[in-house]
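Peer 1: What follows is a single structure, and I will ask about it in a moment.
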Amino acid sequence: MSIAIMQPYIFPYIGYFQLIYASNVFVFYDDVNYINRGWINRNRILLNGSDHMITVPCKDASQNKLIKDIEVLSDAKGIQKILTTIKAAYAKAPFFQAVYPLIEAVLSAALPPHKDDTPPSIADMASDSVLKICGYLGISRVFRYSSQQYDNRELKKADRLIDICHAEGITHYINASGGKAIYEKEYYAARGIELDFLNPKKYEYEQAGGAFVPWLSMIDVLMYNSKEDINNEILPLYYLD
């Protein structure tokens with residue numbers, strides 16, 4: 001059994017889904033501080049042969065707030081602009097008809113009417129983008145939310161992650177490769193947790209002409225690859241160290 005723990009990102013890149021693929025339990029780490037100009041509310045797609053940033057507008061976003069407490073701005077023009085851009089980028093892609101309704105369903109949650117008259121948080125929308133993609137691909141895992149399942153915010157950094165592992169009864173924790181700079185395997189091992197880092201391998205597929213642009217939003221992978229190819233050829237392309 002293995003566990004992965006990550007902040008919710010909007011339509012994240014393939015490496016995020018490889019973390020889910022490699023784990024049995026995946027925790028959306030939604031009660032940590034928001035990161036300005038990070039990947040929580042934005043990502044890159046391919047537009048006219050180059051990478052292009054799309055950004056979900058948020059209300060009063062600040063690094064002093066928790067991700068779960070930041071509302072998506074109920075901005076019809078802003079959401080429609082993103083959808084129009086995605087249409088322009090991928091209307092001729094082979095899997096556009098199957099994938100676009102999924103994207104539209106995620107982003108349209110920002111538009112009224114809202115449940116309890118409140119727009120979703122960016123944590124809700126981002127995690128929904130991940131869950132809908134997993135549903136589309138048939139990836140079934142146990143999903144948790146740190147704000148709902150674990151009462152341990154008084155713990156800091158590694159200790160909190162270790163406590164989540166212990167709460168789930170799992171001794172194998174898989175982190176993204178970027179965690180190598182801040183987490184030490186020895187610290188985890190001394191507390192009964194085996195820590196591995198997931199490293200995605202580069203995989204090229206046919207995009208809309210020009211040189212291949214890697215590490216875009218999962219939107220790009222979905223638009224140009226079948227479910228079968230994603231599950232059998234792309235998701236398994238990683239190594240742990």
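Note on naming: chains are A, B, ... as they come in the structure tokens, residues start from 1 per chain, ligands start from 1 in the order shown.
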Excluding region 107-113 of chain A and any residue of its chain fewer than 2 positions from it, enumerate the residues within 9 Å of it, using only C-alpha atoms, and give them as a PyMOL selection string.
Peer 2: chain A and resi 56+72-76+79-80+82-83+102-105+115-121+125+129
Peer 1: Just asking: which residues within region 18-194 of chain A are strand (DSSP E or B) according to DSSP, as a PyMOL selection string?
Peer 2: chain A and resi 25-28+33+42-47+50-55+58+66+71-72+121+142-145+172-176+194
Peer 1: Generate a file of the selected residues that holds N, CA and C atoms, formatted as a tab-separated table (two decimals), in the first residue's frame.
Peer 2:
chain	number	residue	atom	x	y	z
A	25	VAL	N	-3.84	5.36	-1.99
A	25	VAL	CA	-4.59	6.44	-1.36
A	25	VAL	C	-3.97	7.76	-1.81
A	26	PHE	N	-4.82	8.70	-2.23
A	26	PHE	CA	-4.34	10.01	-2.65
A	26	PHE	C	-5.05	11.07	-1.83
A	27	VAL	N	-4.26	11.95	-1.22
A	27	VAL	CA	-4.80	12.99	-0.35
A	27	VAL	C	-4.66	14.36	-1.01
A	28	PHE	N	-5.79	15.04	-1.18
A	28	PHE	CA	-5.75	16.44	-1.62
A	28	PHE	C	-5.39	17.30	-0.40
A	33	ASN	N	-1.38	26.66	2.87
A	33	ASN	CA	-1.47	28.00	2.29
A	33	ASN	C	-1.42	27.99	0.76
A	42	ARG	N	-3.91	27.62	-12.18
A	42	ARG	CA	-3.52	27.88	-13.57
A	42	ARG	C	-2.68	26.73	-14.11
A	43	ASN	N	-2.66	26.63	-15.42
A	43	ASN	CA	-1.81	25.64	-16.07
A	43	ASN	C	-1.60	26.04	-17.53
A	44	ARG	N	-0.82	25.23	-18.23
A	44	ARG	CA	-0.43	25.57	-19.60
A	44	ARG	C	-1.07	24.62	-20.60
A	45	ILE	N	-1.55	25.16	-21.69
A	45	ILE	CA	-2.05	24.36	-22.80
A	45	ILE	C	-1.26	24.73	-24.05
A	46	LEU	N	-1.52	24.01	-25.13
A	46	LEU	CA	-0.83	24.28	-26.40
A	46	LEU	C	-1.75	25.10	-27.29
A	47	LEU	N	-1.30	26.29	-27.65
A	47	LEU	CA	-2.08	27.17	-28.50
A	47	LEU	C	-1.19	27.69	-29.63
A	50	SER	N	2.57	26.87	-29.34
A	50	SER	CA	3.35	27.32	-28.18
A	50	SER	C	2.55	27.12	-26.90
A	51	ASP	N	3.26	27.08	-25.78
A	51	ASP	CA	2.55	26.94	-24.51
A	51	ASP	C	1.86	28.25	-24.16
A	52	HIS	N	0.67	28.13	-23.59
A	52	HIS	CA	-0.17	29.28	-23.28
A	52	HIS	C	-0.80	29.05	-21.91
A	53	MET	N	-0.70	30.05	-21.04
A	53	MET	CA	-1.22	29.92	-19.68
A	53	MET	C	-2.72	30.22	-19.63
A	54	ILE	N	-3.46	29.33	-18.97
A	54	ILE	CA	-4.86	29.62	-18.65
A	54	ILE	C	-4.96	29.74	-17.13
A	55	THR	N	-5.75	30.71	-16.67
A	55	THR	CA	-5.82	31.00	-15.25
A	55	THR	C	-7.27	31.13	-14.81
A	58	CYS	N	-9.66	34.00	-9.21
A	58	CYS	CA	-10.03	33.73	-7.82
A	58	CYS	C	-10.27	35.04	-7.08
A	66	LEU	N	-5.75	29.70	3.32
A	66	LEU	CA	-5.67	28.29	2.95
A	66	LEU	C	-6.31	28.10	1.57
A	71	GLU	N	-12.20	31.44	-2.79
A	71	GLU	CA	-13.30	31.23	-3.73
A	71	GLU	C	-12.86	31.49	-5.17
A	72	VAL	N	-13.44	30.70	-6.06
A	72	VAL	CA	-13.31	31.01	-7.48
A	72	VAL	C	-14.21	32.21	-7.77
A	121	SER	N	-14.76	26.76	-3.96
A	121	SER	CA	-13.38	27.17	-3.68
A	121	SER	C	-12.50	26.64	-4.81
A	142	VAL	N	-8.57	5.51	-3.56
A	142	VAL	CA	-9.19	6.13	-2.39
A	142	VAL	C	-8.71	7.57	-2.34
A	143	PHE	N	-9.64	8.52	-2.38
A	143	PHE	CA	-9.29	9.93	-2.34
A	143	PHE	C	-9.71	10.53	-1.00
A	144	ARG	N	-8.82	11.31	-0.42
A	144	ARG	CA	-9.08	11.97	0.85
A	144	ARG	C	-8.82	13.48	0.70
A	145	TYR	N	-9.33	14.24	1.68
A	145	TYR	CA	-9.08	15.68	1.76
A	145	TYR	C	-8.48	15.95	3.14
A	172	HIS	N	4.39	3.48	3.05
A	172	HIS	CA	5.10	3.86	1.83
A	172	HIS	C	4.51	5.16	1.29
A	173	TYR	N	5.29	6.22	1.35
A	173	TYR	CA	4.84	7.55	0.92
A	173	TYR	C	5.57	7.93	-0.36
A	174	ILE	N	4.82	8.29	-1.39
A	174	ILE	CA	5.41	8.69	-2.67
A	174	ILE	C	5.20	10.19	-2.85
A	175	ASN	N	6.29	10.91	-3.04
A	175	ASN	CA	6.24	12.36	-3.20
A	175	ASN	C	6.68	12.72	-4.61
A	176	ALA	N	6.31	13.91	-5.05
A	176	ALA	CA	6.79	14.40	-6.34
A	176	ALA	C	8.29	14.63	-6.27
A	194	GLU	N	8.69	4.69	4.55
A	194	GLU	CA	9.59	4.63	3.39
A	194	GLU	C	9.17	5.73	2.42
Peer 1: Please list as a PyMOL selection string every residue within 9 Å of Leu195 (chain A), counting only C-alpha atoms and excluding residues in the same chain fewer than 2 positions away.
Peer 2: chain A and resi 171-175+183-186+188-189+193+197+241
Peer 1: Please return, as a PyMOL selection string, all residues of region 19-241 of chain A that DSSP assigns to alpha helix (DSSP H) on the basis of the backbone.
Peer 2: chain A and resi 19-22+76-90+96-107+122-137+146-149+157-168+185-189+218-224+227-229
Peer 1: With C-alpha atoms retained, export the selected residues as a short mmCIF file (atom, residue, chain, number, x, y, z; two decimals), in the first residue's frame.
Peer 2:
data_model
loop_
_atom_site.label_atom_id
_atom_site.label_comp_id
_atom_site.auth_asym_id
_atom_site.auth_seq_id
_atom_site.Cartn_x
_atom_site.Cartn_y
_atom_site.Cartn_z
CA LEU A 19 1.38 10.02 -8.49
CA ILE A 20 -2.26 8.95 -8.31
CA TYR A 21 -1.57 5.96 -10.56
CA ALA A 22 1.34 4.85 -8.34
CA ALA A 76 -18.81 34.48 -16.59
CA LYS A 77 -16.54 36.39 -18.97
CA GLY A 78 -13.40 34.98 -17.37
CA ILE A 79 -14.62 31.38 -17.47
CA GLN A 80 -15.95 31.74 -21.00
CA LYS A 81 -12.59 33.16 -22.11
CA ILE A 82 -10.84 30.02 -20.84
CA LEU A 83 -13.35 27.74 -22.58
CA THR A 84 -13.10 29.70 -25.82
CA THR A 85 -9.30 29.49 -25.68
CA ILE A 86 -9.41 25.74 -25.11
CA LYS A 87 -11.80 25.34 -28.04
CA ALA A 88 -9.52 27.36 -30.28
CA ALA A 89 -6.53 25.31 -29.19
CA TYR A 90 -8.02 21.83 -29.48
CA PHE A 96 -11.86 16.91 -28.44
CA GLN A 97 -15.48 15.76 -28.55
CA ALA A 98 -14.94 13.32 -25.68
CA VAL A 99 -12.77 15.55 -23.49
CA TYR A 100 -14.16 19.08 -23.88
CA PRO A 101 -17.46 18.38 -22.02
CA LEU A 102 -15.43 17.21 -19.01
CA ILE A 103 -13.47 20.50 -18.97
CA GLU A 104 -16.64 22.53 -19.43
CA ALA A 105 -18.33 20.74 -16.54
CA VAL A 106 -15.44 21.54 -14.19
CA LEU A 107 -15.17 25.23 -15.09
CA ILE A 122 -10.40 26.72 -5.95
CA ALA A 123 -9.66 23.58 -3.91
CA ASP A 124 -13.08 22.20 -4.87
CA MET A 125 -12.70 23.06 -8.54
CA ALA A 126 -9.11 21.82 -8.81
CA SER A 127 -9.81 18.53 -7.06
CA ASP A 128 -12.92 18.10 -9.22
CA SER A 129 -10.77 18.52 -12.33
CA VAL A 130 -8.57 15.68 -11.09
CA LEU A 131 -11.46 13.43 -10.10
CA LYS A 132 -13.28 13.89 -13.39
CA ILE A 133 -10.16 13.02 -15.36
CA CYS A 134 -9.61 9.94 -13.21
CA GLY A 135 -13.23 8.96 -13.83
CA TYR A 136 -12.79 9.43 -17.58
CA LEU A 137 -9.66 7.24 -17.54
CA SER A 146 -6.65 16.80 4.45
CA SER A 147 -9.15 19.40 5.72
CA GLN A 148 -11.79 16.72 6.31
CA GLN A 149 -9.94 13.59 7.39
CA LYS A 157 5.94 20.11 7.16
CA ALA A 158 7.26 16.55 7.21
CA ASP A 159 5.73 15.70 10.58
CA ARG A 160 2.24 16.42 9.32
CA LEU A 161 2.75 14.26 6.22
CA ILE A 162 4.10 11.44 8.39
CA ASP A 163 1.08 11.75 10.69
CA ILE A 164 -1.25 11.38 7.67
CA CYS A 165 0.62 8.23 6.64
CA HIS A 166 0.23 6.84 10.16
CA ALA A 167 -3.47 7.77 10.24
CA GLU A 168 -4.00 5.73 7.07
CA LYS A 185 14.43 9.88 3.42
CA GLU A 186 16.29 9.26 6.69
CA TYR A 187 13.89 11.49 8.64
CA TYR A 188 10.91 9.52 7.34
CA ALA A 189 12.59 6.14 7.80
CA MET A 218 -3.27 16.95 -18.70
CA ILE A 219 -5.78 18.59 -21.05
CA ASP A 220 -3.19 18.31 -23.82
CA VAL A 221 -2.50 14.63 -23.12
CA LEU A 222 -6.23 13.86 -23.14
CA MET A 223 -6.87 15.72 -26.38
CA TYR A 224 -4.24 13.82 -28.36
CA LYS A 227 -7.75 6.35 -22.88
CA GLU A 228 -6.02 3.07 -23.66
CA ASP A 229 -2.75 4.72 -24.68
#
Peer 1: Which residue gives the smallest distance to Phe17 (chain A) among A:Ser226, A:Ser62, A:Asn231, A:Gln207, with only C-alpha atoms counted?
Peer 2: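 Among A:Ser226, A:Ser62, A:Asn231, A:Gln207, it is A:Asn231 that comes nearest to Phe17 (chain A).
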Peer 1: Compile the contact shell of Leu237 (chain A) as a VMD selection string: residues with an atom at most 9 Å away, counting only C-alpha atoms, same-chain residues fewer than 2 positions apart removed.
Peer 2: chain A and resid 18 199 to 203 233 to 235 239
Peer 1: For a test of reading the model, state the distance in Å between CA of Ser2 (chain A) and CA of Asp151 (chain A), rounded to one decimal.
Peer 2: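 A separation of 20.8 Å between them.
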Peer 1: As a list in words, please: the residues near Gly210 (chain A) (cut-off 7 Å, only C-alpha atoms, same-chain neighbours under 2 positions excluded).
Peer 2: Gly49, Ala208 and Phe212 of chain A
Peer 1: Between CA of Ile14 (chain A) and CA of Tyr238 (chain A), what is the distance in Å, rounded to a tenth?
Peer 2: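 Atom-to-atom, CA of Ile14 (chain A) to CA of Tyr238 (chain A), that is 10.2 Å.
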Peer 1: Just to confirm, what's the straight-line distance from CA of Gly15 (chain A) to CA of Ile40 (chain A) in Å (one decimal)?
Peer 2: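 Pair CA of Gly15 (chain A) / CA of Ile40 (chain A) returns 14.6 Å.
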